[in-house]
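Colleague: File final.pdb below, PDB, C-alpha atoms:
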```pdb
ATOM      1  CA  MET A 163     -18.400  38.940-281.176
ATOM      2  CA  ASN A 164     -16.154  35.955-281.783
ATOM      3  CA  TRP A 165     -13.225  37.765-280.227
ATOM      4  CA  TYR A 166     -14.945  37.590-276.837
ATOM      5  CA  ILE A 167     -15.375  33.810-277.089
ATOM      6  CA  TRP A 168     -11.902  33.052-278.439
ATOM      7  CA  GLY A 169     -10.313  35.554-276.041
ATOM      8  CA  SER A 170     -11.911  33.685-273.154
ATOM      9  CA  TYR A 171     -11.008  30.174-274.303
ATOM     10  CA  ALA A 172      -7.511  31.022-275.544
ATOM     11  CA  VAL A 173      -6.449  32.808-272.340
ATOM     12  CA  THR A 174      -8.007  30.109-270.128
ATOM     13  CA  PHE A 175      -6.294  27.183-271.822
ATOM     14  CA  ALA A 176      -3.026  29.102-272.268
ATOM     15  CA  LEU A 177      -2.914  29.783-268.510
ATOM     16  CA  LEU A 178      -3.776  26.185-267.599
ATOM     17  CA  PHE A 179      -1.107  24.956-270.033
ATOM     18  CA  LEU A 180       1.422  27.399-268.541
ATOM     19  CA  GLU A 181       0.636  26.115-265.031
ATOM     20  CA  VAL A 182       1.253  22.530-266.180
ATOM     21  CA  LEU A 183       4.527  23.514-267.887
ATOM     22  CA  LEU A 184       5.792  25.332-264.784
ATOM     23  CA  LEU A 185       4.833  22.342-262.629
ATOM     24  CA  ILE A 186       6.679  19.916-264.930
ATOM     25  CA  LYS A 187       9.741  22.193-264.702
ATOM     26  CA  ARG A 188       9.495  22.297-260.890
ATOM     27  CA  ALA A 189       9.007  18.527-260.708
ATOM     28  CA  ARG A 190      12.137  17.960-262.825
ATOM     29  CA  GLU A 191      14.160  20.360-260.677
ATOM     30  CA  THR A 192      13.100  18.703-257.432
ATOM     31  CA  LYS A 193      13.804  15.245-258.860
ATOM     32  CA  ALA A 194      17.364  16.151-259.849
TER      33      ALA A 194
ATOM     34  CA  MET B 259      -5.198  -2.232-241.670
ATOM     35  CA  ASN B 260      -8.507  -0.617-240.648
ATOM     36  CA  ALA B 261      -9.862   2.681-242.031
ATOM     37  CA  THR B 262      -8.745   4.838-239.080
ATOM     38  CA  VAL B 263      -5.189   3.579-239.247
ATOM     39  CA  LYS B 264      -5.141   4.235-243.024
ATOM     40  CA  TRP B 265      -6.045   7.907-242.462
ATOM     41  CA  PHE B 266      -3.056   8.326-240.141
ATOM     42  CA  TRP B 267      -0.878   6.259-242.470
ATOM     43  CA  TYR B 268      -1.500   8.679-245.368
ATOM     44  CA  ALA B 269      -1.104  11.753-243.120
ATOM     45  CA  SER B 270       2.643  11.257-243.391
ATOM     46  CA  PRO B 271       4.124  13.088-246.443
ATOM     47  CA  GLN B 272       6.400  10.128-247.251
ATOM     48  CA  THR B 273       3.551   7.599-247.397
ATOM     49  CA  PHE B 274       1.268  10.055-249.212
ATOM     50  CA  PHE B 275       3.896  10.686-251.916
ATOM     51  CA  PRO B 276       3.236   7.569-254.095
ATOM     52  CA  LEU B 277      -0.541   7.858-253.607
ATOM     53  CA  ALA B 278      -0.397  11.508-254.795
ATOM     54  CA  GLY B 279       1.400  10.333-257.937
ATOM     55  CA  THR B 280      -1.315   7.783-258.731
ATOM     56  CA  ILE B 281      -4.109  10.298-258.049
ATOM     57  CA  ALA B 282      -2.393  12.945-260.227
ATOM     58  CA  ARG B 283      -1.993  10.536-263.142
ATOM     59  CA  TRP B 284      -5.622   9.346-263.217
ATOM     60  CA  CYS B 285      -7.124  12.765-262.529
ATOM     61  CA  GLY B 286      -4.950  14.295-265.259
ATOM     62  CA  ILE B 287      -6.180  11.732-267.792
ATOM     63  CA  GLY B 288      -9.788  12.207-266.623
ATOM     64  CA  ALA B 289      -9.481  16.006-266.877
ATOM     65  CA  ALA B 290      -8.151  15.831-270.458
ATOM     66  CA  VAL B 291     -10.924  13.447-271.568
ATOM     67  CA  LEU B 292     -13.691  15.463-269.889
ATOM     68  CA  ALA B 293     -12.318  18.796-271.183
ATOM     69  CA  GLY B 294     -12.401  17.378-274.731
ATOM     70  CA  LEU B 295     -15.968  16.153-274.206
ATOM     71  CA  GLY B 296     -17.040  19.445-272.601
ATOM     72  CA  LEU B 297     -15.581  21.505-275.464
ATOM     73  CA  TYR B 298     -17.322  19.250-277.997
ATOM     74  CA  ILE B 299     -20.682  19.711-276.235
ATOM     75  CA  GLY B 300     -20.065  23.442-275.768
ATOM     76  CA  PHE B 301     -19.182  24.174-279.379
ATOM     77  CA  PHE B 302     -20.960  21.501-281.440
ATOM     78  CA  VAL B 303     -23.930  20.165-279.458
ATOM     79  CA  ALA B 304     -25.286  23.058-277.361
ATOM     80  CA  PRO B 305     -27.616  25.297-279.380
ATOM     81  CA  THR B 306     -27.146  29.035-279.979
ATOM     82  CA  ASP B 307     -28.805  31.119-277.274
ATOM     83  CA  ALA B 308     -31.969  32.899-278.431
ATOM     84  CA  GLN B 309     -31.052  36.201-276.695
ATOM     85  CA  GLN B 310     -27.245  36.301-276.485
ATOM     86  CA  GLY B 311     -26.344  34.432-279.669
ATOM     87  CA  GLU B 312     -22.930  32.697-279.684
ATOM     88  CA  VAL B 313     -21.249  34.754-276.966
ATOM     89  CA  TYR B 314     -23.078  32.810-274.224
ATOM     90  CA  ARG B 315     -20.630  29.907-274.978
ATOM     91  CA  ILE B 316     -18.260  31.628-272.527
ATOM     92  CA  ILE B 317     -20.527  30.044-269.875
ATOM     93  CA  PHE B 318     -18.758  26.673-270.377
ATOM     94  CA  ILE B 319     -15.584  28.036-268.826
ATOM     95  CA  HIS B 320     -16.809  31.051-266.853
ATOM     96  CA  VAL B 321     -19.241  29.256-264.539
ATOM     97  CA  PRO B 322     -17.032  26.174-263.865
ATOM     98  CA  ALA B 323     -14.047  28.486-263.204
ATOM     99  CA  ALA B 324     -16.120  30.592-260.789
ATOM    100  CA  TRP B 325     -17.323  27.440-258.981
ATOM    101  CA  MET B 326     -13.749  26.155-258.722
ATOM    102  CA  SER B 327     -12.480  29.502-257.413
ATOM    103  CA  MET B 328     -14.862  29.254-254.451
ATOM    104  CA  PHE B 329     -14.616  25.476-253.929
ATOM    105  CA  LEU B 330     -10.807  25.492-253.942
ATOM    106  CA  TYR B 331     -10.728  28.319-251.407
ATOM    107  CA  VAL B 332     -12.986  26.342-249.045
ATOM    108  CA  MET B 333     -10.785  23.249-249.515
ATOM    109  CA  MET B 334      -7.649  25.345-248.953
ATOM    110  CA  ALA B 335      -9.102  26.794-245.731
ATOM    111  CA  PHE B 336     -10.202  23.299-244.626
ATOM    112  CA  TRP B 337      -6.684  21.843-244.981
ATOM    113  CA  ALA B 338      -5.135  24.958-243.452
ATOM    114  CA  ALA B 339      -7.497  24.707-240.450
ATOM    115  CA  LEU B 340      -6.728  20.998-240.087
ATOM    116  CA  GLY B 341      -3.019  21.807-240.083
ATOM    117  CA  LEU B 342      -3.533  24.524-237.491
ATOM    118  CA  ALA B 343      -5.573  22.203-235.248
ATOM    119  CA  PHE B 344      -3.446  19.056-235.496
ATOM    120  CA  SER B 345      -0.044  20.404-236.601
ATOM    121  CA  THR B 346       0.070  17.997-239.524
ATOM    122  CA  ARG B 347       2.697  19.034-242.052
ATOM    123  CA  LEU B 348       0.849  17.472-244.990
ATOM    124  CA  SER B 349      -2.267  19.626-244.371
ATOM    125  CA  GLY B 350      -0.249  22.821-244.783
ATOM    126  CA  MET B 351       1.293  21.420-247.956
ATOM    127  CA  LEU B 352      -2.143  20.602-249.397
ATOM    128  CA  ALA B 353      -3.426  24.095-248.560
ATOM    129  CA  ALA B 354      -0.370  25.677-250.194
ATOM    130  CA  ALA B 355      -0.728  23.412-253.248
ATOM    131  CA  LEU B 356      -4.336  24.496-253.835
ATOM    132  CA  ALA B 357      -3.696  28.252-253.640
ATOM    133  CA  PRO B 358      -2.045  28.917-257.058
ATOM    134  CA  THR B 359      -4.706  26.885-258.905
ATOM    135  CA  GLY B 360      -7.451  28.634-256.949
ATOM    136  CA  ALA B 361      -5.967  32.023-257.821
ATOM    137  CA  LEU B 362      -5.729  30.961-261.470
ATOM    138  CA  PHE B 363      -9.393  29.936-261.623
ATOM    139  CA  THR B 364     -10.404  33.173-259.887
ATOM    140  CA  PHE B 365      -8.510  35.164-262.511
ATOM    141  CA  ILE B 366     -10.103  33.066-265.295
ATOM    142  CA  ALA B 367     -13.579  33.684-263.824
ATOM    143  CA  LEU B 368     -12.897  37.446-263.743
ATOM    144  CA  TRP B 369     -11.325  37.504-267.219
ATOM    145  CA  THR B 370     -14.052  35.468-268.936
ATOM    146  CA  GLY B 371     -16.757  37.345-267.017
ATOM    147  CA  SER B 372     -15.278  40.598-268.233
ATOM    148  CA  LEU B 373     -15.261  39.404-271.856
ATOM    149  CA  TRP B 374     -18.843  38.217-271.460
ATOM    150  CA  GLY B 375     -19.881  41.476-269.805
ATOM    151  CA  LYS B 376     -18.812  43.746-272.657
ATOM    152  CA  PRO B 377     -21.191  42.409-275.360
ATOM    153  CA  THR B 378     -24.058  41.710-272.936
ATOM    154  CA  TRP B 379     -23.851  44.551-270.377
ATOM    155  CA  GLY B 380     -21.902  47.054-272.455
ATOM    156  CA  THR B 381     -18.947  47.179-270.053
ATOM    157  CA  TYR B 382     -15.956  45.027-269.136
ATOM    158  CA  TRP B 383     -16.166  45.868-265.454
ATOM    159  CA  VAL B 384     -18.566  47.296-262.929
ATOM    160  CA  TRP B 385     -18.067  47.579-259.163
ATOM    161  CA  ASP B 386     -21.068  45.467-258.267
ATOM    162  CA  ALA B 387     -21.154  43.089-255.299
ATOM    163  CA  ARG B 388     -20.500  39.826-257.215
ATOM    164  CA  LEU B 389     -17.560  41.139-259.232
ATOM    165  CA  THR B 390     -16.003  43.034-256.330
ATOM    166  CA  SER B 391     -16.250  40.087-253.907
ATOM    167  CA  GLU B 392     -14.702  37.783-256.554
ATOM    168  CA  LEU B 393     -11.853  40.284-256.981
ATOM    169  CA  ILE B 394     -11.376  40.244-253.185
ATOM    170  CA  LEU B 395     -11.134  36.435-253.440
ATOM    171  CA  LEU B 396      -8.262  36.825-255.914
ATOM    172  CA  PHE B 397      -6.510  39.179-253.459
ATOM    173  CA  LEU B 398      -7.059  36.649-250.650
ATOM    174  CA  TYR B 399      -5.408  33.910-252.703
ATOM    175  CA  LEU B 400      -2.494  36.187-253.629
ATOM    176  CA  GLY B 401      -2.200  37.347-250.010
ATOM    177  CA  PHE B 402      -2.093  33.725-248.814
ATOM    178  CA  ILE B 403       0.638  32.846-251.341
ATOM    179  CA  ALA B 404       2.649  35.992-250.545
ATOM    180  CA  LEU B 405       2.340  35.535-246.772
ATOM    181  CA  ARG B 406       3.581  31.947-246.911
ATOM    182  CA  ALA B 407       6.432  32.925-249.224
ATOM    183  CA  ALA B 408       7.489  35.736-246.866
ATOM    184  CA  ILE B 409       8.071  33.381-243.893
ATOM    185  CA  ASP B 410      11.115  31.090-244.018
ATOM    186  CA  ASP B 411      10.085  28.650-241.282
ATOM    187  CA  PRO B 412       7.513  26.276-242.911
ATOM    188  CA  ARG B 413       5.636  25.634-239.650
ATOM    189  CA  ARG B 414       5.211  29.353-238.974
ATOM    190  CA  ALA B 415       4.258  29.926-242.624
ATOM    191  CA  ASP B 416       1.588  27.209-242.320
ATOM    192  CA  ARG B 417       0.141  28.795-239.166
ATOM    193  CA  ALA B 418       0.106  32.361-240.494
ATOM    194  CA  GLY B 419      -1.362  31.238-243.820
ATOM    195  CA  ALA B 420      -4.017  29.199-242.013
ATOM    196  CA  VAL B 421      -5.253  32.219-240.052
ATOM    197  CA  LEU B 422      -5.584  34.273-243.259
ATOM    198  CA  ALA B 423      -7.281  31.405-245.118
ATOM    199  CA  ILE B 424      -9.795  30.788-242.299
ATOM    200  CA  VAL B 425     -10.672  34.486-241.924
ATOM    201  CA  GLY B 426     -11.084  34.782-245.703
ATOM    202  CA  VAL B 427     -13.714  32.027-245.805
ATOM    203  CA  VAL B 428     -16.271  34.659-244.798
ATOM    204  CA  ASN B 429     -15.967  35.982-248.366
ATOM    205  CA  ILE B 430     -17.315  32.760-249.934
ATOM    206  CA  PRO B 431     -20.973  33.089-248.823
ATOM    207  CA  ILE B 432     -20.720  36.801-249.672
ATOM    208  CA  ILE B 433     -19.752  35.898-253.268
ATOM    209  CA  TYR B 434     -22.398  33.195-253.535
ATOM    210  CA  TYR B 435     -25.293  35.205-252.099
ATOM    211  CA  SER B 436     -24.188  38.638-253.374
ATOM    212  CA  VAL B 437     -26.643  38.446-256.280
ATOM    213  CA  SER B 438     -29.505  37.847-253.826
ATOM    214  CA  TRP B 439     -28.436  40.252-251.078
ATOM    215  CA  TRP B 440     -27.705  43.243-253.305
ATOM    216  CA  ASN B 441     -29.058  44.683-256.504
ATOM    217  CA  THR B 442     -26.328  43.629-258.924
ATOM    218  CA  LEU B 443     -25.770  43.852-262.667
ATOM    219  CA  HIS B 444     -24.620  40.221-262.510
ATOM    220  CA  GLN B 445     -27.391  37.708-263.124
ATOM    221  CA  GLY B 446     -28.648  35.308-260.434
ATOM    222  CA  ALA B 447     -27.245  31.813-259.845
ATOM    223  CA  SER B 448     -27.178  29.688-263.035
ATOM    224  CA  VAL B 449     -27.758  26.477-261.102
ATOM    225  CA  SER B 450     -29.434  25.982-257.741
ATOM    226  CA  PHE B 451     -29.775  22.971-255.459
ATOM    227  CA  THR B 452     -33.474  23.713-254.992
ATOM    228  CA  LYS B 453     -34.558  24.435-258.588
ATOM    229  CA  ALA B 454     -34.265  22.679-261.947
ATOM    230  CA  PRO B 455     -31.771  24.426-264.291
ATOM    231  CA  SER B 456     -33.385  27.154-266.387
ATOM    232  CA  MET B 457     -31.229  26.411-269.452
ATOM    233  CA  ALA B 458     -31.320  23.780-272.221
ATOM    234  CA  ALA B 459     -30.241  20.297-271.092
ATOM    235  CA  THR B 460     -27.242  20.236-273.470
ATOM    236  CA  MET B 461     -26.029  23.629-272.187
ATOM    237  CA  PHE B 462     -26.318  22.364-268.624
ATOM    238  CA  ALA B 463     -24.531  19.106-269.519
ATOM    239  CA  GLY B 464     -21.647  20.996-271.152
ATOM    240  CA  MET B 465     -21.260  23.186-268.078
ATOM    241  CA  ILE B 466     -21.246  20.217-265.673
ATOM    242  CA  VAL B 467     -18.741  18.247-267.803
ATOM    243  CA  MET B 468     -16.391  21.254-267.924
ATOM    244  CA  ALA B 469     -16.797  21.732-264.159
ATOM    245  CA  LEU B 470     -15.795  18.079-263.620
ATOM    246  CA  ALA B 471     -12.814  18.552-265.969
ATOM    247  CA  PHE B 472     -11.654  21.621-263.999
ATOM    248  CA  TRP B 473     -12.167  19.742-260.744
ATOM    249  CA  LEU B 474     -10.035  16.773-261.861
ATOM    250  CA  TYR B 475      -7.435  19.173-263.290
ATOM    251  CA  SER B 476      -7.224  20.962-259.912
ATOM    252  CA  ILE B 477      -6.731  17.668-258.080
ATOM    253  CA  ALA B 478      -4.038  16.555-260.559
ATOM    254  CA  VAL B 479      -1.947  19.746-260.437
ATOM    255  CA  SER B 480      -2.336  20.031-256.645
ATOM    256  CA  MET B 481      -1.075  16.464-256.208
ATOM    257  CA  VAL B 482       1.965  17.170-258.410
ATOM    258  CA  ARG B 483       2.626  20.353-256.413
ATOM    259  CA  VAL B 484       2.391  18.426-253.123
ATOM    260  CA  ARG B 485       4.876  15.855-254.462
ATOM    261  CA  CYS B 486       7.288  18.695-255.337
ATOM    262  CA  ALA B 487       6.860  20.172-251.844
ATOM    263  CA  ILE B 488       7.543  16.759-250.235
ATOM    264  CA  ARG B 489      10.687  16.307-252.343
ATOM    265  CA  GLU B 490      11.862  19.836-251.475
ATOM    266  CA  MET B 491      11.260  19.182-247.770
ATOM    267  CA  SER B 492      13.218  15.912-247.937
ATOM    268  CA  GLY B 493      16.047  17.726-249.758
ATOM    269  CA  GLU B 494      16.217  20.473-247.125
ATOM    270  CA  ARG B 495      16.424  17.878-244.372
ATOM    271  CA  GLY B 496      19.216  16.174-246.308
TER     272      GLY B 496
END
```
Take the structure in the file and write it out as structure tokens.

Modeller:
Amino acid sequence: MNWYIWGSYAVTFALLFLEVLLLIKRARETKA
Amino acid sequence: MNATVKWFWYASPQTFFPLAGTIARWCGIGAAVLAGLGLYIGFFVAPTDAQQGEVYRIIFIHVPAAWMSMFLYVMMAFWAALGLAFSTRLSGMLAAALAPTGALFTFIALWTGSLWGKPTWGTYWVWDARLTSELILLFLYLGFIALRAAIDDPRRADRAGAVLAIVGVVNIPIIYYSVSWWNTLHQGASVSFTKAPSMAATMFAGMIVMALAFWLYSIAVSMVRVRCAIREMSGERG
């Protein structure tokens, strides 16, 4: 049962974190 | 400077650029604080559900993500329509900046819904009206992103994307009312404007706090994306 909860939260926050990382990378590239 | 002049003042990408930075910073901080608070309420304050047990705690990300998927699409279509009507470059940029985050929240709503569906319905997926219309929303977001990326001229990309975004808005009321219009496996609306919430106050509070966190997060990342787009546009112009 716990797998369903942790699977939801882990994937959600991993994807949001990935979006932020990619944005930081893009922001650095456009600044340079 | 009166209010009307200020609207036009910020319609220029160059003048909007510093404002977007300030908005992104404060919304980012607000999103982090509210997400922490929402997770605390969701995991430590909200009680275990009498019927579903612990698995219902998926609600604290599933419902806010589903709300954001629809809200961001409406906002995206609004800015796209504004750009189409007034040929303002910043409107197209705002619409384009919202699309990836909207697609992400749509995917999260589908993913978490699927993981909630298995222990409660006995299946990860079923082709019922709510799930299918939400999947169509994901395709609309991806179509919008792909269409814009396929056209080199930014003005033409804005116009073509705007038409797709505006036509796709018809899907939003279909998603929202699908559980009322058709016999679906998906439950009815968790929260309604006309009725008091049917869940415990702490559950409701956790859901609202997470929704606010997602909302501020969306604003923050969209503002950063708009700033990148403005910089890229300035670079292209030389």

Colleague: Give me the residues within 12 Å of B:Leu400 as a list in words, counting all atoms listed in the file and dropping any in the same chain fewer than 6 places off.

Modeller: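 Close residues of B:Leu400: Tyr331, Ala354, Leu356, Ala357, Pro358, Thr359, Gly360, Ala361, Leu362, Thr364, Phe365, Leu393, Ile394, Arg406, Ala407, Gly419, Leu422, Ala423 and Gly426 of chain B.
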
Colleague: Is it possible to get the residues within 6 Å of (8.6, 13.2, -248.5) (coordinates as in the file, counting all atoms listed in the file) written as a PyMOL selection string?

Modeller: chain B and resi 271-272+488-489+492

Colleague: Write out as a ChimeraX atom specification the residues lying within 12 Å of B:Trp439, counting all atoms listed in the file and excluding same-chain residues fewer than 5 positions away.

Modeller: /B:386-388,431-434,446

Colleague: What would the selection look like, as a ChimeraX atom specification, if the PyMOL selection byres ((chain B) within 7 of (chain A)) were run on the coordinates I just shared?

Modeller: /B:313,315-316,366,370,373-374,483,486,489-490

Colleague: Name the residues within 12 Å of (-26.4, 42.3, -260.7), counting only C-alpha atoms in the file's coordinates, and put them as a PyMOL selection string.

Modeller: chain B and resi 375+379+383-390+433+435-447

Colleague: One decimal, in Å: what's the spacing between atom CA of B:Tyr399 and atom CA of B:Ile466?

Modeller: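 If I compute the distance from atom CA of B:Tyr399 to atom CA of B:Ile466, I get 24.6 Å.
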
Colleague: Grab the atom CA of B:Gly350 to atom CA of A:Ala194 distance for me, in Å with one decimal place.

Modeller: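 Distance reported for this atom pair: 24.1 Å.
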
Colleague: Please indicate the distance in Å from atom CA of B:Ala404 to atom CA of B:Leu352, rounded to one decimal place.

Modeller: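 Atom CA of B:Leu352 lies 16.2 Å from atom CA of B:Ala404.
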
Colleague: Adding 8 Å on each side of the box along x, y and z that holds all listed atoms of stretch 413-424 of chain B, could you give its centre and edge lengths in Å to one decimal, as lines of an AutoDock Vina configuration file?

Modeller:
```
center_x = -2.1
center_y = 30.0
center_z = -242.0
size_x = 31.4
size_y = 24.6
size_z = 22.1
```

Colleague: Could you state which residues are captured by the PyMOL selection byres ((chain B and resi 318-320) around 9) in this file, as a ChimeraX atom specification?

Modeller: /A:170-171,174 /B:296-297,300,314-317,321-325,366-371,374,461-462,464-469,472

Colleague: Mind rebuilding stretch 170-193 of chain A with N, CA and C atoms and writing that out as an mmCIF file, keeping the file's coordinate frame?

Modeller:
```cif
data_model
loop_
_atom_site.group_PDB
_atom_site.id
_atom_site.type_symbol
_atom_site.label_atom_id
_atom_site.label_comp_id
_atom_site.auth_asym_id
_atom_site.auth_seq_id
_atom_site.Cartn_x
_atom_site.Cartn_y
_atom_site.Cartn_z
ATOM 1 N N SER A 170 -11.666 34.406 -274.411
ATOM 2 C CA SER A 170 -11.911 33.685 -273.154
ATOM 3 C C SER A 170 -11.254 32.314 -273.178
ATOM 4 N N TYR A 171 -11.522 31.553 -274.232
ATOM 5 C CA TYR A 171 -11.008 30.174 -274.303
ATOM 6 C C TYR A 171 -9.486 30.141 -274.459
ATOM 7 N N ALA A 172 -8.960 31.031 -275.299
ATOM 8 C CA ALA A 172 -7.511 31.022 -275.544
ATOM 9 C C ALA A 172 -6.739 31.360 -274.271
ATOM 10 N N VAL A 173 -7.164 32.412 -273.561
ATOM 11 C CA VAL A 173 -6.449 32.808 -272.340
ATOM 12 C C VAL A 173 -6.584 31.724 -271.269
ATOM 13 N N THR A 174 -7.786 31.159 -271.137
ATOM 14 C CA THR A 174 -8.007 30.109 -270.128
ATOM 15 C C THR A 174 -7.073 28.919 -270.358
ATOM 16 N N PHE A 175 -7.095 28.380 -271.582
ATOM 17 C CA PHE A 175 -6.294 27.183 -271.822
ATOM 18 C C PHE A 175 -4.797 27.495 -271.875
ATOM 19 N N ALA A 176 -4.445 28.710 -272.290
ATOM 20 C CA ALA A 176 -3.026 29.102 -272.268
ATOM 21 C C ALA A 176 -2.523 29.146 -270.820
ATOM 22 N N LEU A 177 -3.328 29.692 -269.917
ATOM 23 C CA LEU A 177 -2.914 29.783 -268.510
ATOM 24 C C LEU A 177 -2.826 28.401 -267.859
ATOM 25 N N LEU A 178 -3.803 27.540 -268.168
ATOM 26 C CA LEU A 178 -3.776 26.185 -267.599
ATOM 27 C C LEU A 178 -2.554 25.426 -268.122
ATOM 28 N N PHE A 179 -2.259 25.606 -269.405
ATOM 29 C CA PHE A 179 -1.107 24.956 -270.033
ATOM 30 C C PHE A 179 0.195 25.473 -269.399
ATOM 31 N N LEU A 180 0.235 26.785 -269.168
ATOM 32 C CA LEU A 180 1.422 27.399 -268.541
ATOM 33 C C LEU A 180 1.628 26.835 -267.130
ATOM 34 N N GLU A 181 0.532 26.665 -266.389
ATOM 35 C CA GLU A 181 0.636 26.115 -265.031
ATOM 36 C C GLU A 181 1.218 24.699 -265.083
ATOM 37 N N VAL A 182 0.754 23.902 -266.040
ATOM 38 C CA VAL A 182 1.253 22.530 -266.180
ATOM 39 C C VAL A 182 2.743 22.542 -266.545
ATOM 40 N N LEU A 183 3.114 23.429 -267.479
ATOM 41 C CA LEU A 183 4.527 23.514 -267.887
ATOM 42 C C LEU A 183 5.429 23.888 -266.708
ATOM 43 N N LEU A 184 4.996 24.897 -265.943
ATOM 44 C CA LEU A 184 5.792 25.332 -264.784
ATOM 45 C C LEU A 184 5.905 24.220 -263.744
ATOM 46 N N LEU A 185 4.815 23.454 -263.592
ATOM 47 C CA LEU A 185 4.833 22.342 -262.629
ATOM 48 C C LEU A 185 5.780 21.237 -263.080
ATOM 49 N N ILE A 186 5.772 20.949 -264.396
ATOM 50 C CA ILE A 186 6.679 19.916 -264.930
ATOM 51 C C ILE A 186 8.124 20.351 -264.682
ATOM 52 N N LYS A 187 8.388 21.651 -264.918
ATOM 53 C CA LYS A 187 9.741 22.193 -264.702
ATOM 54 C C LYS A 187 10.144 22.038 -263.224
ATOM 55 N N ARG A 188 9.204 22.399 -262.328
ATOM 56 C CA ARG A 188 9.495 22.297 -260.890
ATOM 57 C C ARG A 188 9.714 20.839 -260.476
ATOM 58 N N ALA A 189 8.883 19.947 -261.039
ATOM 59 C CA ALA A 189 9.007 18.527 -260.708
ATOM 60 C C ALA A 189 10.364 17.981 -261.151
ATOM 61 N N ARG A 190 10.822 18.412 -262.333
ATOM 62 C CA ARG A 190 12.137 17.960 -262.825
ATOM 63 C C ARG A 190 13.260 18.488 -261.947
ATOM 64 N N GLU A 191 13.123 19.750 -261.524
ATOM 65 C CA GLU A 191 14.160 20.360 -260.677
ATOM 66 C C GLU A 191 14.250 19.675 -259.320
ATOM 67 N N THR A 192 13.083 19.332 -258.755
ATOM 68 C CA THR A 192 13.100 18.703 -257.432
ATOM 69 C C THR A 192 13.576 17.256 -257.508
ATOM 70 N N LYS A 193 13.376 16.631 -258.684
ATOM 71 C CA LYS A 193 13.804 15.245 -258.860
ATOM 72 C C LYS A 193 15.330 15.158 -258.951
#
```
